[in-house]
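Working notes, structure below.
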Amino acid sequence: MGIGGRSGIPHLTPALSAPGDGEGDSGERGSGVTLLLSLKITIPALIVAFVALAFAGTAMAAGAVVVASKIDTEGALLGNMIAEVIAAHGIAVERRIQLGPTNIVRAALLAGQIDLYPEYTGNGAVFFHRENDPAWKNSAQAYAEVQRLDMAENRLAWLSPAPANNTWVIAIRGDLSRFPERKCLDDLAAYLAEGGRFKLAASAEFVESPSALPAFEKTYGFHLKAQQLLTLSGGNTAATLRAAAEGISGVNAAMAYGTDGELAALGLTALCDDKGAQIVYAPAPVMRQAVLDQHPEIATMLEPVFASLTLETLQALNARIAVAGEDAGAVAADYLKTKHFLP
Amino acid sequence: MPGPAAPAIGAGTQVPPIRLYNHVLPVLVVVAAVAVAILGFVTVAPNRLVSGRAVALWLAADPGLSVAVALLGAVLLAAACVSPRRAVHRATIVIAAALVLLILAAAGRAAATLMTSAPPAMRVSLGAGFWVLLGAAGLAVLDGLQRARAGIVAQLATALVIAAGFAAMAESGLFDALSLAREYRTRQDLFAAALTRHVVLVAAAIGPAVLIGFPLGVAAVRRPGWQGSLFAVLNLLQTVPSIALFGLLLVPLSALATAVPSLARLGIGGIGMAPALIALVLYALLPVVRSTVAGIGGVDSAVVDAARGMGMTRRQRFWRVELPLAMPVLLAGLRIVTVQAIGLAVVAALIGAGGLGSFVFEGLGQYAADLVLLGALPAIGLALAADFLLQSATVLLRRRTAQ
């Protein structure tokens with residue numbers, strides 16, 4: 001049926017089967033009727049009870065601000081921070097942390113099912129189909145642009161962003177021989193021109209999207225041949241980073257995100273993009289204006305929190321979740337407490 | 001372990017020929033022995049992200065435990081050579097169950113030993129050798145139960161004893177050093193809620209699926225002409241990826257919730273339980289309808305004719321003849337649907353409905369295999385438990401109807 005695969009769990013063969021339990025003996029008659037009659041009553045009753053129970057748990061508290069996030073590590077971290085801060089100021093919060101992938105969370109916001117979640121300014125380029133506009137490569141312009149477009153088209157407010165850039169980067173292993181000390185993309189171009197061994201693990205999107213690898217290649221003047229690429233279908237940097245860290249299939253470089261916490265733990269270094277080839281992805285809460293009108297103080301209470309989230313801070317916090325395996329909610333609460341962001 | 005002493009024939013000692021009465025146990029023991037020899041019992045990684053280095057059982061676990069595992073394996077091998085009697089099967093069950101617990105204890109002890117004086121970032125995970133060994137011991141238990149023709153009560157008792165042993169060891173902190181247990185500990189508060197939510201999702205999906213699917217199946221039996229188009233639609237539904245289905249449901253459900261605020265207050269909306277349940281119900285329809293058609297359609301037409309000859313009305317024929325006769329097939333279908341729904345409910349996490357899938361997807365995102373297992377293993381346990389319960393219900397029902 002092919003559905004087992006989709007669930008992510010292999011289908012099980014029933015192991016605990018009663019012996020001598022052959023199917024299809026037709027010995028029973030008549031007396032099954034009483035049993036069936038009782039089933040006729042109990043089954044619907046059970047169903048009603050279960051459905052009621054299912055929804056009772058999720059019934060929305062009236063007037064609560066619904067905070068959501070994407071299903072990834074940083075989404076969980078930032079979503080928990082937002083929820084924690086708002087709740088600490090006495091506003092009722094309903095948590096929808098790790099709601100789903102970007103398209104689901106964005107659609108839920110547009111449909112009014114959630115009120116705010118952390119999003120990246122650079123994704124405005126995708127939402128509004130303006131990937132070729134150079135404005136996205138400047139952090140202030142990108143923020144102003146997405147703020148303007150989302151307000152005009154969707155009545156969504158972008159609150160103050162964090163001074164961090166979670167853009168695509170190329171990370172290399174520490175043991176690349178003869179790689180220049182400085183570790184920027186210029187140096188990669190020089191290294192490749194000298195015929196240095198290089199194999200990059202990256203998602204298909206990174207390899208093909210004009211704003212990703214082709215933008216790096218154009219800006220820094222290098223070209224990766226097909227045999228220098230290991231293309232994976234998903235956009236999961238955990239997989240690419242691991243391939244590079246363990247040298248799987250000769251891979252010694254990986255597609256990564258700027259704020260990935262795993263880089264240091266895996267002995268990988270992100271090459272700096274000092275010519276600004278990439279779109280800037282600064283994290284910021286995006287919120288329905290209608291809800292912001294009811295609670296305008298949310299913008300001011302989140303501003304200092306996001307202002308404190310530098311690239312290094314986010315890397316360190318993400319590492320606590322991804323490398324040390326701490327719970328995102330606990331890491332968020334701990335950070336807010338130690339930085340005295342909670343009243 | 002010789003059977004009844006063989007009479008010595010002539011002079012000198014003649015070894016009685018060893019006879020294998022059970023061919024399953026030797027295979028299991030050999031597979032387990034090979035696995036232990038060549039695969040790592042546990043893996044040790046410097047941190048949660050990289051894959052670990054395999055460590056063999058005798059290097060990882062306390063020598064006493066390793067020897068005990070080997071001894072119990074040898075006893076199982078010997079048990080295969082004893083002429084089959086009920087007592088032998090019972091002893092096999094007890095030894096194999098003890099072996100299961102011993103393997104678990106060995107893994108816990110191995111992790112604790114490896115983690116002493118190791119940096120806290122280090123992770124000890126269960127290796128391939130552990131899983132093969134545990135699987136072999138578990139199959140030996142099942143083989144013993146089958147050979148002993150154990151009833152539901154005996155099966156349940158065996159499962160409970162093993163579960164209680166596991167719980168006691170977990171409670172004593174024996175597994176605390178294992179990576180899987182550390183993942184559990186950081187999410188302890190969320191775990192019970194996720195497990196409950198998973199069960200609620202499955203239960204709440206199967207009810208409507210049966211309520212819709214059963215009448216559809218009966219209708220398809222009465223009008224065979226409908227079957228082609230009905231199954232075409234149901235098959236098509238199976239091919240829609242869940243994430244696409246969630247995307248399709250989000251907008252209309254949100255609009256519905258906005259238009260009817262009382263529904264929104266009930267928690268029905270574009271995200272959460274409502275879309276997850278709709279998806280699970282839609283996916284469960286095909287197996288429900290299929291087994292209904294197989295069950296009701298498979299009733300011998302001669303029996304139905306006889307019932308008609310006796311003057312039974314259509315309604316009587318259905319409730320008194322067709323449905324009871326189809327019951328075993330219908331219940332078998334329900335088992336399949338339930339086990340399938342338990343696996344499928346993992347995707348509910350993608351639309352914010354929670355459940356064990358939230359650990360699976362978080363783990364996939366972080367490439368943390370033990371976090372994926374934290375979601376997957378309880379789902380497997382639930383599926384096995386549901387299967388066992390429904391199987392027992394079938395047996396009990398049949399016993400009752402047979403009286």
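Here, A, B, ... name the chains of the structure tokens in the order displayed, residue numbers run from 1 inside each chain, and ligands are numbered from 1 in the same displayed order.
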
Can you tell me, as number ranges by chain, which residues in segment 91-210 of chain B count as strand (DSSP E or B) by DSSP? B: 123-126, 178

Given the selection you just returned, output its residues as a file containing N, CA and C atoms, formatted as a PDB file, in the first residue's frame.
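Saved as part20.pdb:
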ATOM      1  N   ARG B 123      28.126  10.114  23.949  1.00  0.00           N
ATOM      2  CA  ARG B 123      26.863   9.382  23.882  1.00  0.00           C
ATOM      3  C   ARG B 123      27.107   7.894  23.666  1.00  0.00           C
ATOM      4  N   VAL B 124      26.443   7.089  24.459  1.00  0.00           N
ATOM      5  CA  VAL B 124      26.485   5.644  24.263  1.00  0.00           C
ATOM      6  C   VAL B 124      25.111   5.212  23.761  1.00  0.00           C
ATOM      7  N   SER B 125      25.082   4.710  22.535  1.00  0.00           N
ATOM      8  CA  SER B 125      23.814   4.301  21.936  1.00  0.00           C
ATOM      9  C   SER B 125      23.798   2.792  21.753  1.00  0.00           C
ATOM     10  N   LEU B 126      22.584   2.277  21.549  1.00  0.00           N
ATOM     11  CA  LEU B 126      22.432   0.840  21.361  1.00  0.00           C
ATOM     12  C   LEU B 126      22.898   0.472  19.958  1.00  0.00           C
ATOM     13  N   LEU B 178      22.427   5.541  29.079  1.00  0.00           N
ATOM     14  CA  LEU B 178      22.191   5.341  27.647  1.00  0.00           C
ATOM     15  C   LEU B 178      21.665   6.622  27.006  1.00  0.00           C
TER      16      LEU B 178
END

What's around Gly261 of chain A at 12 Å? Count only C-alpha atoms, leave out sequence neighbours fewer than 2 positions away in its own chain, and write the answer as a PyMOL selection string. (chain A and resi 73-74+77+166+237-238+241+256-259+263-270+311-325) or (chain B and resi 49+366)

Can you tell me, as a PyMOL selection string, which residues in segment 68-257 of chain B count as alpha helix (DSSP H) by DSSP? chain B and resi 68-79+86-115+128-147+152-171+179-186+188-222+224-239+242-257

Output C-alpha atoms of each residue in that selection to a file, as a short mmCIF file (atom, residue, chain, number, x, y, z; two decimals), in the first residue's frame.
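And here's again.cif as it stands now:
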data_model
loop_
_atom_site.label_atom_id
_atom_site.label_comp_id
_atom_site.auth_asym_id
_atom_site.auth_seq_id
_atom_site.Cartn_x
_atom_site.Cartn_y
_atom_site.Cartn_z
CA ALA B 68 25.57 -14.98 31.70
CA VAL B 69 24.27 -14.01 28.25
CA ALA B 70 26.48 -16.68 26.64
CA LEU B 71 25.40 -19.28 29.21
CA LEU B 72 21.70 -18.65 28.72
CA GLY B 73 22.25 -18.87 24.96
CA ALA B 74 23.94 -22.25 25.42
CA VAL B 75 21.08 -23.44 27.64
CA LEU B 76 18.58 -22.46 24.93
CA LEU B 77 20.65 -24.42 22.41
CA ALA B 78 20.61 -27.42 24.72
CA ALA B 79 16.86 -27.06 25.23
CA ARG B 86 5.32 -28.85 27.93
CA ALA B 87 7.73 -28.38 30.84
CA VAL B 88 10.61 -27.95 28.38
CA HIS B 89 8.71 -25.26 26.50
CA ARG B 90 7.86 -23.50 29.72
CA ALA B 91 11.48 -23.60 30.82
CA THR B 92 12.49 -22.21 27.43
CA ILE B 93 10.08 -19.31 27.86
CA VAL B 94 11.48 -18.52 31.30
CA ILE B 95 15.11 -18.73 30.13
CA ALA B 96 14.46 -16.64 27.01
CA ALA B 97 12.58 -14.01 29.04
CA ALA B 98 15.45 -13.89 31.51
CA LEU B 99 17.80 -13.48 28.56
CA VAL B 100 15.77 -10.51 27.28
CA LEU B 101 16.11 -8.80 30.66
CA LEU B 102 19.76 -9.75 30.93
CA ILE B 103 20.53 -8.19 27.52
CA LEU B 104 18.78 -4.98 28.59
CA ALA B 105 20.73 -4.93 31.84
CA ALA B 106 24.00 -5.57 29.99
CA ALA B 107 23.32 -2.58 27.72
CA GLY B 108 22.54 -0.35 30.68
CA ARG B 109 25.64 -1.46 32.59
CA ALA B 110 27.82 -1.09 29.48
CA ALA B 111 26.65 2.49 29.01
CA ALA B 112 27.22 3.30 32.68
CA THR B 113 30.75 1.87 32.58
CA LEU B 114 31.66 3.67 29.37
CA MET B 115 30.26 6.97 30.60
CA ALA B 128 23.22 -3.33 15.86
CA GLY B 129 24.46 -6.27 17.91
CA PHE B 130 22.16 -5.31 20.78
CA TRP B 131 19.11 -5.16 18.55
CA VAL B 132 19.84 -8.51 16.87
CA LEU B 133 20.50 -10.14 20.25
CA LEU B 134 17.35 -8.67 21.77
CA GLY B 135 15.31 -9.62 18.71
CA ALA B 136 16.59 -13.20 18.85
CA ALA B 137 15.79 -13.51 22.56
CA GLY B 138 12.33 -12.02 21.99
CA LEU B 139 11.66 -14.47 19.16
CA ALA B 140 12.80 -17.31 21.41
CA VAL B 141 10.13 -16.22 23.93
CA LEU B 142 7.49 -16.18 21.19
CA ASP B 143 8.65 -19.56 19.89
CA GLY B 144 8.34 -21.01 23.37
CA LEU B 145 4.85 -19.53 23.80
CA GLN B 146 3.78 -20.97 20.49
CA ARG B 147 5.16 -24.43 21.22
CA ILE B 152 -4.01 -15.37 26.15
CA VAL B 153 -3.46 -15.29 29.89
CA ALA B 154 -0.07 -16.97 29.69
CA GLN B 155 0.99 -14.69 26.84
CA LEU B 156 -0.15 -11.63 28.72
CA ALA B 157 1.58 -12.81 31.89
CA THR B 158 4.87 -13.32 30.01
CA ALA B 159 4.64 -9.87 28.44
CA LEU B 160 3.81 -8.32 31.80
CA VAL B 161 6.68 -10.04 33.59
CA ILE B 162 9.14 -8.78 30.98
CA ALA B 163 7.61 -5.30 31.07
CA ALA B 164 7.71 -5.25 34.87
CA GLY B 165 11.35 -6.33 34.85
CA PHE B 166 12.14 -3.58 32.37
CA ALA B 167 10.25 -1.00 34.43
CA ALA B 168 12.03 -2.04 37.62
CA MET B 169 15.43 -1.78 35.95
CA ALA B 170 14.52 1.60 34.45
CA GLU B 171 13.28 2.80 37.83
CA SER B 179 21.69 8.07 25.07
CA LEU B 180 18.08 7.00 24.55
CA ALA B 181 17.35 7.44 28.27
CA ARG B 182 19.04 10.84 28.23
CA GLU B 183 16.82 11.94 25.35
CA TYR B 184 13.86 10.70 27.35
CA ARG B 185 14.93 12.56 30.47
CA THR B 186 15.15 15.95 28.74
CA GLN B 188 10.16 13.59 30.35
CA ASP B 189 7.37 16.13 30.82
CA LEU B 190 6.38 15.99 27.17
CA PHE B 191 6.59 12.23 26.80
CA ALA B 192 3.41 11.18 28.62
CA ALA B 193 1.42 13.89 26.85
CA ALA B 194 2.80 12.83 23.47
CA LEU B 195 2.02 9.17 24.13
CA THR B 196 -1.53 9.96 25.31
CA ARG B 197 -2.09 12.23 22.35
CA HIS B 198 -0.92 9.48 20.01
CA VAL B 199 -3.41 6.99 21.46
CA VAL B 200 -6.21 9.57 21.35
CA LEU B 201 -5.42 10.39 17.70
CA VAL B 202 -5.55 6.72 16.71
CA ALA B 203 -8.72 5.99 18.68
CA ALA B 204 -10.47 9.11 17.44
CA ALA B 205 -9.54 8.31 13.83
CA ILE B 206 -10.59 4.67 13.82
CA GLY B 207 -14.10 5.38 15.09
CA PRO B 208 -15.18 7.63 12.23
CA ALA B 209 -13.24 5.48 9.73
CA VAL B 210 -15.32 2.45 10.77
CA LEU B 211 -18.56 4.46 10.87
CA ILE B 212 -17.96 5.69 7.31
CA GLY B 213 -16.06 2.74 5.87
CA PHE B 214 -18.31 -0.08 7.06
CA PRO B 215 -21.53 1.20 5.38
CA LEU B 216 -19.50 2.00 2.27
CA GLY B 217 -18.15 -1.55 2.23
CA VAL B 218 -21.62 -3.07 2.71
CA ALA B 219 -22.96 -0.86 -0.08
CA ALA B 220 -20.13 -2.00 -2.32
CA VAL B 221 -21.03 -5.65 -1.66
CA ARG B 222 -24.70 -5.02 -2.49
CA PRO B 224 -20.69 -4.64 -7.10
CA GLY B 225 -20.82 -2.14 -9.94
CA TRP B 226 -19.79 0.58 -7.48
CA GLN B 227 -16.67 -1.19 -6.36
CA GLY B 228 -14.50 -0.06 -9.27
CA SER B 229 -15.06 3.65 -8.79
CA LEU B 230 -15.16 3.42 -4.96
CA PHE B 231 -11.80 1.70 -4.76
CA ALA B 232 -10.37 4.04 -7.38
CA VAL B 233 -11.20 6.99 -5.11
CA LEU B 234 -9.93 5.26 -1.95
CA ASN B 235 -6.71 4.17 -3.66
CA LEU B 236 -6.20 7.70 -4.89
CA LEU B 237 -6.58 9.01 -1.32
CA GLN B 238 -3.84 6.63 -0.18
CA THR B 239 -1.44 8.12 -2.69
CA SER B 242 0.02 13.50 4.19
CA ILE B 243 1.86 16.81 4.09
CA ALA B 244 0.07 17.75 0.84
CA LEU B 245 -3.24 16.74 2.38
CA PHE B 246 -2.55 18.99 5.39
CA GLY B 247 -1.81 21.86 3.03
CA LEU B 248 -5.06 21.26 1.16
CA LEU B 249 -7.11 21.03 4.36
CA LEU B 250 -5.61 24.09 6.06
CA VAL B 251 -7.43 26.81 4.15
CA PRO B 252 -10.99 25.37 4.06
CA LEU B 253 -10.82 24.27 7.71
CA SER B 254 -9.55 27.69 8.80
CA ALA B 255 -12.35 29.34 6.83
CA LEU B 256 -14.85 27.02 8.49
CA ALA B 257 -13.51 27.86 11.94
#

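Each of B:Leu330, B:Val289, B:Ala349, B:Ile18 was checked against Ile97 of chain A using only C-alpha atoms; the smallest atom-to-atom distance is that of B:Ala349.
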
Counting only C-alpha atoms, the option among A:Lys337, A:Pro163, A:Arg130, A:Ile172 closest to Glu246 of chain A: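 Looking at the shortest contact to Glu246 of chain A, the residue is A:Ile172.
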
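When only C-alpha atoms are used to compute distances to chain A, the closest of the residues B:Leu334, B:Leu374, B:Ile268, B:Val304 turns out to be B:Ile268.
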
Counting only C-alpha atoms, the residue of B:Ala150, B:Gly357, B:Leu364, B:His23 that sits nearest Pro378 of chain B: B:Gly357

Nearest to Gly352 of chain B: which of B:Leu389, B:Val30, B:Ile271, B:Leu282 is it, counting only C-alpha atoms?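 Ranked by minimum distance to Gly352 of chain B, first place goes to B:Ile271.
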
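You will find atom CA of Glu208 of chain A at 17.3 Å from atom CA of Gly122 of chain A.
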
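For the pair atom CA of Gly295 of chain B and atom CA of Met327 of chain B, the separation is 7.2 Å.
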
Just checking: using only C-alpha atoms, which residue out of A:Met81, A:Ile114, A:Met301, A:Leu309 ends up closest to chain B?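 When distances to chain B are compared using only C-alpha atoms, the smallest one comes from A:Ile114.
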
Contacts of Pro161 of chain A within 8 Å, only C-alpha atoms, excl. fewer than 6 positions in-chain, as a list in words: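 Skipping anything fewer than 6 positions along the chain leaves Tyr143, Ala282, Pro283, Ala284, Pro285, Glu303, Phe306 and Ala307 of chain A.
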